[in-house]
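Chemist: This one is start-v7.txt, compact mmCIF, C-alpha atoms and all ligand atoms.
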# COMPACT_ATOMS: atom_id res chain seq x y z
CA THR A 13 23.79 -0.96 -15.21
CA LYS A 14 22.02 -1.57 -11.95
CA GLN A 15 18.29 -0.88 -11.98
CA THR A 16 17.16 1.57 -9.32
CA ILE A 17 13.65 1.19 -7.97
CA THR A 18 11.65 3.76 -6.07
CA VAL A 19 10.14 2.11 -2.99
CA ILE A 20 7.18 3.60 -1.13
CA PRO A 21 6.63 1.56 2.06
CA GLY A 22 3.21 3.16 2.61
CA ASP A 23 0.82 2.97 5.55
CA GLY A 24 -0.63 0.31 7.85
CA ILE A 25 0.64 -3.14 6.85
CA GLY A 26 2.62 -1.53 3.98
CA PRO A 27 6.08 -1.23 5.58
CA ASP A 28 6.03 -4.87 6.78
CA ILE A 29 4.96 -6.46 3.50
CA ILE A 30 7.25 -4.20 1.45
CA ASP A 31 10.16 -5.15 3.71
CA ALA A 32 9.34 -8.83 3.21
CA THR A 33 9.24 -8.31 -0.55
CA LEU A 34 12.61 -6.54 -0.70
CA GLN A 35 14.18 -9.40 1.27
CA VAL A 36 12.72 -11.85 -1.24
CA LEU A 37 13.98 -9.85 -4.23
CA ASP A 38 17.46 -9.64 -2.73
CA LYS A 39 17.53 -13.32 -1.82
CA ALA A 40 16.59 -14.22 -5.40
CA GLY A 41 19.63 -12.28 -6.56
CA CYS A 42 17.84 -9.41 -8.29
CA ASN A 43 20.56 -6.93 -7.35
CA PHE A 44 18.45 -3.75 -7.43
CA ASP A 45 19.23 -0.42 -5.84
CA TYR A 46 16.36 1.07 -3.86
CA GLU A 47 15.47 4.69 -3.23
CA PHE A 48 12.86 5.13 -0.52
CA ALA A 49 10.09 7.71 -0.70
CA ASP A 50 7.18 8.70 1.54
CA ALA A 51 3.52 9.01 0.58
CA GLY A 52 0.21 8.75 2.40
CA LEU A 53 -0.27 9.27 6.12
CA ALA A 54 3.43 8.64 6.72
CA ALA A 55 4.24 11.59 4.43
CA LEU A 56 1.52 13.81 5.87
CA GLU A 57 3.02 13.42 9.34
CA LYS A 58 6.62 14.01 8.21
CA HIS A 59 6.24 16.56 5.41
CA GLY A 60 2.75 18.01 5.81
CA GLU A 61 1.50 16.66 2.49
CA LEU A 62 0.25 13.31 1.20
CA VAL A 63 2.50 13.17 -1.84
CA PRO A 64 5.65 15.29 -1.35
CA GLU A 65 7.45 16.75 -4.37
CA GLU A 66 10.53 14.54 -3.71
CA THR A 67 8.34 11.47 -4.06
CA ILE A 68 6.99 12.64 -7.40
CA SER A 69 10.55 13.33 -8.63
CA LEU A 70 11.77 9.90 -7.56
CA ILE A 71 8.88 8.12 -9.30
CA GLU A 72 9.67 10.12 -12.42
CA LYS A 73 13.43 9.59 -12.25
CA ASN A 74 13.54 5.82 -11.71
CA LYS A 75 10.43 5.00 -13.80
CA ILE A 76 9.79 1.86 -11.75
CA THR A 77 8.08 2.06 -8.36
CA LEU A 78 7.15 -0.61 -5.84
CA LYS A 79 4.49 0.78 -3.56
CA GLY A 80 2.77 -0.24 -0.35
CA PRO A 81 -0.87 0.67 0.26
CA LEU A 82 -1.62 4.25 1.23
CA THR A 83 -4.30 5.50 3.58
CA THR A 84 -6.34 8.35 2.14
CA PRO A 85 -7.95 10.27 5.03
CA VAL A 86 -11.74 10.25 4.54
CA GLY A 87 -13.70 13.42 4.02
CA GLU A 88 -11.06 15.98 5.00
CA GLY A 89 -10.79 17.46 1.54
CA PHE A 90 -8.03 15.06 0.50
CA THR A 91 -8.16 13.54 -2.95
CA SER A 92 -7.05 9.92 -3.20
CA ILE A 93 -3.29 9.63 -3.58
CA ASN A 94 -3.62 6.64 -5.84
CA VAL A 95 -5.94 8.49 -8.19
CA THR A 96 -3.51 11.44 -8.15
CA LEU A 97 -0.48 9.28 -8.99
CA ARG A 98 -2.30 7.36 -11.74
CA LYS A 99 -3.38 10.63 -13.36
CA GLN A 100 -0.09 12.45 -12.92
CA PHE A 101 1.95 9.67 -14.54
CA LYS A 102 -0.78 8.71 -17.06
CA LEU A 103 -0.84 5.13 -15.76
CA TYR A 104 -3.77 4.24 -17.97
CA ALA A 105 -3.68 0.46 -17.55
CA ASN A 106 -4.11 -1.46 -14.33
CA LEU A 107 -3.31 -5.16 -14.67
CA ARG A 108 -4.74 -7.28 -11.90
CA PRO A 109 -4.11 -11.00 -12.30
CA VAL A 110 -5.49 -13.62 -9.95
CA LEU A 111 -4.23 -17.19 -9.98
CA SER A 112 -5.18 -20.21 -7.88
CA PHE A 113 -2.46 -21.49 -5.55
CA LYS A 114 -2.70 -24.91 -3.95
CA GLY A 115 -2.91 -24.79 -0.18
CA THR A 116 -4.93 -21.59 0.22
CA LYS A 117 -8.38 -22.92 1.23
CA ALA A 118 -9.83 -20.78 -1.57
CA ARG A 119 -13.22 -21.77 -2.97
CA TYR A 120 -11.88 -22.56 -6.45
CA GLU A 121 -8.83 -24.36 -7.76
CA ASN A 122 -8.46 -23.45 -11.41
CA ILE A 123 -8.69 -19.68 -11.57
CA ASP A 124 -6.41 -17.72 -13.89
CA ILE A 125 -8.09 -14.40 -14.60
CA LEU A 126 -6.46 -11.15 -15.66
CA THR A 127 -8.54 -8.03 -15.06
CA VAL A 128 -7.40 -5.11 -17.21
CA ARG A 129 -8.84 -1.99 -15.68
CA GLU A 130 -8.90 1.42 -17.34
CA ASN A 131 -7.12 3.50 -14.73
CA THR A 132 -7.62 7.22 -15.40
CA GLN A 133 -11.16 7.88 -16.64
CA GLY A 134 -14.77 7.04 -15.87
CA MET A 135 -16.66 7.25 -12.61
CA TYR A 136 -13.60 6.53 -10.50
CA SER A 137 -11.55 9.47 -11.75
CA GLY A 138 -13.06 11.79 -9.19
CA ALA A 139 -13.86 14.44 -11.82
CA GLY A 140 -16.48 17.08 -11.14
CA GLN A 141 -17.24 16.08 -7.57
CA THR A 142 -19.35 18.73 -5.90
CA VAL A 143 -21.82 18.92 -3.05
CA SER A 144 -24.22 21.84 -2.96
CA GLU A 145 -23.81 24.31 -0.11
CA ASP A 146 -26.84 23.02 1.77
CA GLY A 147 -25.55 19.45 1.38
CA ALA A 148 -28.73 18.40 -0.41
CA LYS A 149 -27.23 17.51 -3.79
CA ALA A 150 -24.04 15.73 -4.77
CA GLU A 151 -22.62 15.37 -8.26
CA ALA A 152 -19.77 13.57 -10.00
CA MET A 153 -18.70 13.41 -13.60
CA SER A 154 -17.84 10.34 -15.62
CA ILE A 155 -15.84 10.84 -18.79
CA VAL A 156 -14.89 8.14 -21.31
CA THR A 157 -13.02 9.10 -24.46
CA ARG A 158 -12.62 7.08 -27.63
CA GLU A 159 -8.86 7.47 -27.31
CA GLY A 160 -8.86 6.24 -23.70
CA ALA A 161 -11.12 3.29 -24.46
CA GLU A 162 -9.11 2.31 -27.52
CA LYS A 163 -5.86 2.44 -25.56
CA ILE A 164 -7.03 0.18 -22.74
CA LEU A 165 -8.79 -2.26 -25.06
CA THR A 166 -5.76 -2.53 -27.32
CA PHE A 167 -3.58 -3.00 -24.24
CA ALA A 168 -5.83 -5.83 -23.05
CA TYR A 169 -5.71 -7.65 -26.40
CA GLU A 170 -1.97 -7.13 -26.80
CA THR A 171 -1.42 -8.53 -23.30
CA ALA A 172 -3.69 -11.47 -24.07
CA ARG A 173 -1.68 -12.17 -27.21
CA LYS A 174 1.65 -11.89 -25.41
CA GLU A 175 0.54 -14.18 -22.58
CA GLY A 176 -1.08 -16.71 -24.92
CA ARG A 177 -4.53 -16.09 -23.47
CA LYS A 178 -7.55 -17.19 -25.46
CA LYS A 179 -10.49 -15.01 -24.56
CA VAL A 180 -11.24 -11.37 -23.76
CA THR A 181 -14.49 -10.33 -22.09
CA ALA A 182 -15.43 -6.64 -22.27
CA VAL A 183 -17.50 -5.77 -19.18
CA HIS A 184 -19.86 -2.81 -19.37
CA LYS A 185 -23.24 -1.35 -18.42
CA ALA A 186 -24.10 0.08 -21.83
CA ASN A 187 -27.79 -0.73 -21.44
CA ILE A 188 -28.10 1.93 -18.73
CA LEU A 189 -25.00 4.13 -18.99
CA LYS A 190 -25.62 4.63 -22.68
CA SER A 191 -23.14 7.44 -23.27
CA THR A 192 -20.03 6.40 -21.33
CA SER A 193 -20.35 2.62 -21.16
CA GLY A 194 -21.95 2.74 -24.61
CA LEU A 195 -18.83 4.31 -26.11
CA PHE A 196 -16.60 1.82 -24.32
CA LEU A 197 -18.61 -1.10 -25.71
CA LYS A 198 -18.66 0.33 -29.22
CA VAL A 199 -14.87 0.67 -29.22
CA ALA A 200 -14.55 -2.81 -27.67
CA ARG A 201 -16.40 -4.29 -30.64
CA GLU A 202 -14.14 -2.41 -33.07
CA VAL A 203 -10.89 -3.44 -31.37
CA ALA A 204 -12.07 -7.07 -31.12
CA GLN A 205 -12.21 -7.16 -34.95
CA ARG A 206 -8.45 -6.66 -35.08
CA TYR A 207 -7.79 -9.83 -33.02
CA PRO A 208 -9.65 -12.62 -34.79
CA GLU A 209 -7.48 -15.31 -33.16
CA ILE A 210 -8.76 -14.31 -29.71
CA GLU A 211 -12.32 -15.08 -28.67
CA SER A 212 -14.15 -11.86 -27.80
CA THR A 213 -17.22 -11.75 -25.61
CA GLU A 214 -19.08 -8.99 -23.78
CA MET A 215 -20.97 -9.03 -20.52
CA ILE A 216 -23.03 -6.61 -18.45
CA VAL A 217 -21.30 -5.94 -15.15
CA ASP A 218 -24.02 -7.16 -12.78
CA ASN A 219 -24.33 -10.46 -14.62
CA CYS A 220 -20.52 -10.65 -14.64
CA CYS A 221 -20.51 -10.52 -10.82
CA MET A 222 -22.91 -13.44 -10.66
CA GLN A 223 -20.99 -15.40 -13.33
CA LEU A 224 -17.71 -14.83 -11.49
CA VAL A 225 -19.13 -16.40 -8.36
CA MET A 226 -21.02 -19.24 -10.07
CA ASN A 227 -18.67 -20.21 -12.88
CA PRO A 228 -15.40 -18.28 -12.74
CA GLU A 229 -13.44 -20.78 -14.85
CA GLN A 230 -15.12 -19.34 -17.97
CA PHE A 231 -13.09 -16.10 -17.65
CA ASP A 232 -9.65 -15.43 -19.05
CA VAL A 233 -9.08 -11.69 -19.62
CA ILE A 234 -11.63 -9.16 -18.38
CA VAL A 235 -11.30 -5.61 -19.73
CA THR A 236 -13.42 -2.87 -18.24
CA THR A 237 -13.75 0.74 -17.13
CA ASN A 238 -12.25 2.14 -13.95
CA LEU A 239 -14.95 1.67 -11.28
CA PHE A 240 -16.13 -1.73 -12.53
CA GLY A 241 -12.49 -2.84 -12.63
CA ASP A 242 -11.96 -1.71 -9.05
CA ILE A 243 -14.90 -3.75 -7.82
CA LEU A 244 -14.44 -6.81 -10.03
CA SER A 245 -10.78 -7.16 -9.12
CA ASP A 246 -11.58 -7.41 -5.39
CA LEU A 247 -14.25 -9.99 -6.29
CA CYS A 248 -11.63 -11.92 -8.28
CA ALA A 249 -9.23 -11.76 -5.30
CA GLY A 250 -11.94 -13.46 -3.28
CA LEU A 251 -11.93 -16.39 -5.72
CA VAL A 252 -8.29 -17.23 -4.99
CA GLY A 253 -8.08 -16.73 -1.22
CA GLY A 254 -8.57 -13.03 -0.62
CA LEU A 255 -6.81 -9.70 -0.96
CA GLY A 256 -3.55 -11.11 0.37
CA MET A 257 -3.21 -12.94 -2.97
CA ALA A 258 -3.91 -10.07 -5.39
CA PRO A 259 -1.29 -7.83 -7.07
CA GLY A 260 -1.71 -4.95 -9.48
CA ALA A 261 0.51 -3.17 -12.01
CA ASN A 262 -0.24 0.43 -13.00
CA ILE A 263 1.30 0.90 -16.42
CA GLY A 264 1.80 4.06 -18.48
CA GLU A 265 3.88 4.96 -21.55
CA ASP A 266 6.85 5.84 -19.44
CA CYS A 267 6.39 4.88 -15.78
CA ALA A 268 4.99 1.91 -13.90
CA ILE A 269 3.89 1.49 -10.30
CA PHE A 270 3.54 -2.01 -8.84
CA GLU A 271 1.40 -2.53 -5.76
CA ALA A 272 -1.09 -4.77 -4.00
CA VAL A 273 -4.80 -4.49 -4.83
CA HIS A 274 -5.68 -4.11 -1.17
CA GLY A 275 -5.40 -1.13 1.16
CA SER A 276 -3.49 -0.46 4.35
CA ALA A 277 -5.60 -2.97 6.36
CA PRO A 278 -5.77 -0.95 9.61
CA ASP A 279 -7.56 -3.86 11.32
CA ILE A 280 -4.42 -6.04 11.20
CA ALA A 281 -1.66 -3.39 10.98
CA GLY A 282 1.28 -3.80 13.35
CA LYS A 283 0.19 -7.32 14.36
CA ASN A 284 2.46 -9.37 12.09
CA LEU A 285 -0.65 -10.91 10.47
CA ALA A 286 -0.51 -9.57 6.91
CA ASN A 287 0.09 -11.90 4.00
CA PRO A 288 2.94 -10.38 1.96
CA THR A 289 2.07 -12.50 -1.11
CA SER A 290 0.13 -9.63 -2.71
CA VAL A 291 3.20 -7.36 -2.89
CA ILE A 292 5.54 -10.25 -3.71
CA LEU A 293 3.29 -11.05 -6.70
CA ALA A 294 3.40 -7.35 -7.63
CA ALA A 295 7.20 -7.59 -7.53
CA ILE A 296 6.94 -10.60 -9.87
CA GLN A 297 4.89 -8.44 -12.25
CA MET A 298 7.66 -5.85 -11.98
CA LEU A 299 10.31 -8.44 -12.85
CA GLU A 300 8.29 -9.55 -15.87
CA TYR A 301 7.92 -5.90 -16.95
CA LEU A 302 11.71 -5.57 -16.68
CA GLU A 303 12.04 -8.80 -18.69
CA MET A 304 13.77 -10.55 -15.78
CA THR A 305 11.67 -13.63 -16.34
CA ASP A 306 14.10 -16.12 -14.77
CA LYS A 307 13.99 -14.24 -11.46
CA ALA A 308 10.22 -13.94 -11.72
CA GLU A 309 9.91 -17.69 -12.21
CA LYS A 310 12.31 -18.45 -9.39
CA ILE A 311 10.28 -16.40 -6.89
CA ARG A 312 6.95 -17.67 -8.20
CA ASN A 313 8.08 -21.29 -7.82
CA ALA A 314 9.28 -20.73 -4.26
CA LEU A 315 6.02 -18.98 -3.40
CA THR A 316 3.98 -21.81 -4.92
CA GLU A 317 5.90 -24.40 -2.91
CA VAL A 318 5.73 -22.55 0.41
CA ILE A 319 1.99 -21.93 0.10
CA ALA A 320 1.30 -25.51 -1.06
CA SER A 321 3.24 -26.99 1.86
CA GLY A 322 0.99 -25.04 4.24
CA ASP A 323 3.70 -25.21 6.91
CA ARG A 324 4.08 -21.55 7.67
CA THR A 325 1.23 -19.74 5.93
CA THR A 326 -0.65 -16.74 7.30
CA ARG A 327 -4.12 -16.81 8.84
CA ASP A 328 -5.96 -15.53 5.75
CA LEU A 329 -4.78 -18.70 3.97
CA GLY A 330 -5.88 -20.94 6.82
CA GLY A 331 -2.44 -21.10 8.47
CA THR A 332 -1.38 -20.01 11.94
CA HIS A 333 1.78 -18.06 11.20
CA GLY A 334 2.74 -14.41 10.88
CA THR A 335 4.24 -12.26 8.12
CA THR A 336 7.78 -12.84 9.34
CA ASP A 337 7.52 -16.67 9.59
CA PHE A 338 5.99 -16.90 6.14
CA THR A 339 8.71 -14.65 4.72
CA GLU A 340 11.40 -16.70 6.46
CA ALA A 341 10.01 -19.89 4.87
CA LEU A 342 10.16 -18.22 1.48
CA LEU A 343 13.72 -17.00 2.01
CA GLU A 344 14.81 -20.50 3.06
CA ARG A 345 13.19 -21.97 -0.04
CA LEU A 346 14.97 -19.44 -2.24
P1 LIG B 401 -8.21 -3.11 2.83
O1 LIG B 401 -7.94 -3.63 1.47
O2 LIG B 401 -7.11 -2.38 3.51
O3 LIG B 401 -8.67 -4.33 3.79
C1 LIG B 401 -9.81 -5.13 3.51
C2 LIG B 401 -9.74 -6.45 4.32
O4 LIG B 401 -8.73 -7.30 3.74
C3 LIG B 401 -9.31 -6.23 5.76
O5 LIG B 401 -10.03 -7.13 6.58
C4 LIG B 401 -7.84 -6.57 5.77
O6 LIG B 401 -7.38 -7.04 7.01
C5 LIG B 401 -7.75 -7.65 4.70
N1 LIG B 401 -6.43 -7.63 4.06
C6 LIG B 401 -5.97 -6.70 3.18
N2 LIG B 401 -4.73 -6.99 2.81
C7 LIG B 401 -4.37 -8.12 3.44
C8 LIG B 401 -3.17 -8.91 3.46
N3 LIG B 401 -2.08 -8.58 2.75
N4 LIG B 401 -3.14 -10.01 4.25
C9 LIG B 401 -4.22 -10.35 4.97
N5 LIG B 401 -5.38 -9.66 4.99
C10 LIG B 401 -5.45 -8.54 4.23
O7 LIG B 401 -9.50 -2.19 2.69
P2 LIG B 401 -10.10 -1.06 3.66
O8 LIG B 401 -9.99 -1.50 5.08
O9 LIG B 401 -11.41 -0.78 3.09
O10 LIG B 401 -9.18 0.22 3.44
C11 LIG B 401 -8.19 0.68 4.34
C12 LIG B 401 -7.45 1.89 3.77
O11 LIG B 401 -6.71 1.53 2.61
C13 LIG B 401 -8.33 3.06 3.36
O12 LIG B 401 -7.72 4.25 3.84
C14 LIG B 401 -8.28 3.05 1.84
O13 LIG B 401 -8.41 4.33 1.29
C15 LIG B 401 -6.90 2.49 1.59
N6 LIG B 401 -6.77 1.80 0.28
C16 LIG B 401 -5.58 1.99 -0.39
C17 LIG B 401 -5.33 1.31 -1.55
C18 LIG B 401 -4.00 1.51 -2.21
O14 LIG B 401 -3.12 2.20 -1.69
N7 LIG B 401 -3.76 0.93 -3.38
C19 LIG B 401 -6.32 0.40 -2.15
C20 LIG B 401 -7.52 0.23 -1.34
C21 LIG B 401 -7.72 0.92 -0.18
MG MG B 402 -9.96 -1.17 -4.90
Hey, can you dump this file as structure tokens for me?
Modeler:
Amino acid sequence: TKQTITVIPGDGIGPDIIDATLQVLDKAGCNFDYEFADAGLAALEKHGELVPEETISLIEKNKITLKGPLTTPVGEGFTSINVTLRKQFKLYANLRPVLSFKGTKARYENIDILTVRENTQGMYSGAGQTVSEDGAKAEAMSIVTREGAEKILTFAYETARKEGRKKVTAVHKANILKSTSGLFLKVAREVAQRYPEIESTEMIVDNCCMQLVMNPEQFDVIVTTNLFGDILSDLCAGLVGGLGMAPGANIGEDCAIFEAVHGSAPDIAGKNLANPTSVILAAIQMLEYLEMTDKAEKIRNALTEVIASGDRTTRDLGGTHGTTDFTEALLERL
């Protein structure tokens, strides 16, 4: 039977890079059906809410979603849509791989790092956010559970095993955040025991930032809590040419949402400047999740060749071309 995918074009550069990605999937012969859904500013304007009920039902029904970036309005009492979706569908794991491509003008050439980010707990979950009436005191709550930590750590090691990766680094701040990060680290040490064939290391997050810039080739899999994972994955994107090169998969027991790491990029929206590679790589993650590895390989090879040739790459990669030219080059190659 034909796989149906829920597609959320999203805001800013979203619709353009999602459109490019769907053309690529079709050209590669993936033969999906798509059902389109609104979320973000686009949905607020049309339906009066950021995540309409129909969108939730479609995500639930089709199980697989390809999503463009969404703009969360700042400070108007809106909670982040991404945080809402990750919680609602219990998408506890966020897989953010970065890989060096030839022809990108990135600072490094041999990067292959998978950040596995806990996606529903910790400082990023938005729990307990209050500001006192006089505006003088703000609070937020960070919760880490043994169950949550064990799930993400096990997921990281299982993924490492499946992908033939050799090393897992647990990143934490247990020296200062003794309760939350302390529990995460404790569970990390326990889970590591179950995977003797994989090298396990641990690193404090601030040192990890420095190490990633100075000597990134030492990293293989990084597993960490929500906020650290958010920050480290953008840092990792910077190692391979920027946010235009970084995809992310939000995985739960039942549903999965594939997206770029970056946001709606209002500074370049509507200018045909966005690099669609981020969402195309997310689509490749989706194909791998669906065990359509031949299609995944086919698109990855075409992408590798087009970027390496440098003929029609986008400005972020040092080229002079737009989203549509780059996409056209990829379609021709396919
Ligand atoms: P951003 O990630 O949208 O942009 C950061 C910088 O990277 C900008 O200079 C942008 O032009 C560049 N960039 C991003 N994607 C690119 C691409 N594909 N090709 C070339 N250059 C690219 O971060 P910013 O500006 O802080 O956030 C904008 C909005 O996005 C905010 O409303 C934020 O809440 C939202 N956001 C949504 C996310 C999501 O839906 N998953 C994730 C991060 C932010
Ligand atoms: Mg982020």
Chemist: Taking only C-alpha atoms and all ligand atoms into account, which residues have an atom no farther than 7 Å from ligand LIG 401 (chain B)? I'd like them as a list in words.
Modeler: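 Final answer, ordered by chain and number: Gly80, Pro81, Leu82, Thr83, Thr84, Pro85, Asn94, Leu255, Gly256, Glu271, Ala272, Val273, His274, Gly275, Ser276, Ala277, Pro278, Asp279, Ile280, Leu285, Ala286, Asn287, Pro288, Thr289, Ser290 and Asp328 of chain A.
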Chemist: Please identify every residue of segment 285-326 of chain A that has at least one atom no farther than 6 Å from an atom of segment 111-117 of chain A, counting only C-alpha atoms, and for each give the shortest atom pair and the distance in Å to one decimal, arranged by chain then increasing number, as a Markdown table.
Modeler:
| residue | atom | partner | partner_atom | distance |
| --- | --- | --- | --- | --- |
| A:Ile319 | CA | A:Gly115 | CA | 5.7 |
| A:Ala320 | CA | A:Gly115 | CA | 4.4 |
| A:Gly322 | CA | A:Gly115 | CA | 5.9 |
Chemist: Can you pull out every residue within 7 Å of segment 130-143 of chain A, counting all atoms listed in the file, but drop anything in the same chain fewer than 4 positions away, and send it as a PyMOL selection string?
Modeler: chain A and resi 95+98-99+103-106+147+149-156+164+236-239
Chemist: Restricting it to C-alpha atoms, dump the selection as a PDB file, in the frame of the given file.
Modeler:
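Saved as selection.pdb:
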ATOM      1  CA  VAL A  95      -5.940   8.490  -8.190  1.00  0.00           C
ATOM      2  CA  ARG A  98      -2.300   7.360 -11.740  1.00  0.00           C
ATOM      3  CA  LYS A  99      -3.380  10.630 -13.360  1.00  0.00           C
ATOM      4  CA  LEU A 103      -0.840   5.130 -15.760  1.00  0.00           C
ATOM      5  CA  TYR A 104      -3.770   4.240 -17.970  1.00  0.00           C
ATOM      6  CA  ALA A 105      -3.680   0.460 -17.550  1.00  0.00           C
ATOM      7  CA  ASN A 106      -4.110  -1.460 -14.330  1.00  0.00           C
ATOM      8  CA  GLY A 147     -25.550  19.450   1.380  1.00  0.00           C
ATOM      9  CA  LYS A 149     -27.230  17.510  -3.790  1.00  0.00           C
ATOM     10  CA  ALA A 150     -24.040  15.730  -4.770  1.00  0.00           C
ATOM     11  CA  GLU A 151     -22.620  15.370  -8.260  1.00  0.00           C
ATOM     12  CA  ALA A 152     -19.770  13.570 -10.000  1.00  0.00           C
ATOM     13  CA  MET A 153     -18.700  13.410 -13.600  1.00  0.00           C
ATOM     14  CA  SER A 154     -17.840  10.340 -15.620  1.00  0.00           C
ATOM     15  CA  ILE A 155     -15.840  10.840 -18.790  1.00  0.00           C
ATOM     16  CA  VAL A 156     -14.890   8.140 -21.310  1.00  0.00           C
ATOM     17  CA  ILE A 164      -7.030   0.180 -22.740  1.00  0.00           C
ATOM     18  CA  THR A 236     -13.420  -2.870 -18.240  1.00  0.00           C
ATOM     19  CA  THR A 237     -13.750   0.740 -17.130  1.00  0.00           C
ATOM     20  CA  ASN A 238     -12.250   2.140 -13.950  1.00  0.00           C
ATOM     21  CA  LEU A 239     -14.950   1.670 -11.280  1.00  0.00           C
TER      22      LEU A 239
END
Chemist: Looking at only C-alpha atoms, which of A:Val199, A:Leu302, A:Ala118, A:Ile20 is the one that sits closest to Thr166 of chain A?
Modeler: A:Val199
Chemist: Do you have the atom CA of Ser212 of chain A-atom CA of Pro228 of chain A distance handy?
Modeler: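 These two atoms are separated by 16.4 Å.
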Chemist: Quick one: residues within 12 Å of segment 40-48 of chain A, all atoms listed in the file, excluding same-chain residues fewer than 2 positions away - as a VMD selection string?
Modeler: chain A and resid 13 to 22 27 30 to 31 33 to 38 50 to 51 55 66 to 71 73 to 80 292 295 to 296 298 to 299 302 to 315 342 to 346
Chemist: For each of A:Arg129, A:His59, A:Lys179, A:Lys174, take the minimum atom-to-atom distance to ligand MG 402 (chain B), counting all atoms listed in the file, then give the residue where this is smallest.
Modeler: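 Among the listed residues, A:Arg129 lies closest to ligand MG 402 (chain B).
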Chemist: Could you tell me how far atom CA of Pro109 of chain A sits from atom CA of Ile125 of chain A, in Å to one decimal place?
Modeler: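 Computing the Euclidean distance for atom CA of Ile125 of chain A and atom CA of Pro109 of chain A yields 5.7 Å.
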Chemist: Just the number, please: distance in Å from atom CA of Leu189 of chain A to atom CA of Ala168 of chain A, one decimal.
Modeler: 22.0 Å
Chemist: Taking into account all atoms listed in the file, which residue in the set A:Gly241, A:Gly282, A:Gly264, A:Gly250 is nearest to ligand MG 402 (chain B)?
Modeler: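 For ligand MG 402 (chain B), the nearest of the given residues is A:Gly241.
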Chemist: Which centre and edge lengths in Å to one decimal define the box along x, y and z that fits every listed atom of segment 237-256 of chain A plus 3 Å per side, as JSON?
Modeler:
{"center_x": -9.8, "center_y": -7.5, "center_z": -8.4, "size_x": 18.6, "size_y": 25.4, "size_z": 23.5}
Chemist: Looking at all atoms listed in the file, which of A:Val128, A:Ala161, A:Ile243, A:Leu56 is the one that sits closest to ligand MG 402 (chain B)?
Modeler: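 Among A:Val128, A:Ala161, A:Ile243, A:Leu56, it is A:Ile243 that comes nearest to ligand MG 402 (chain B).
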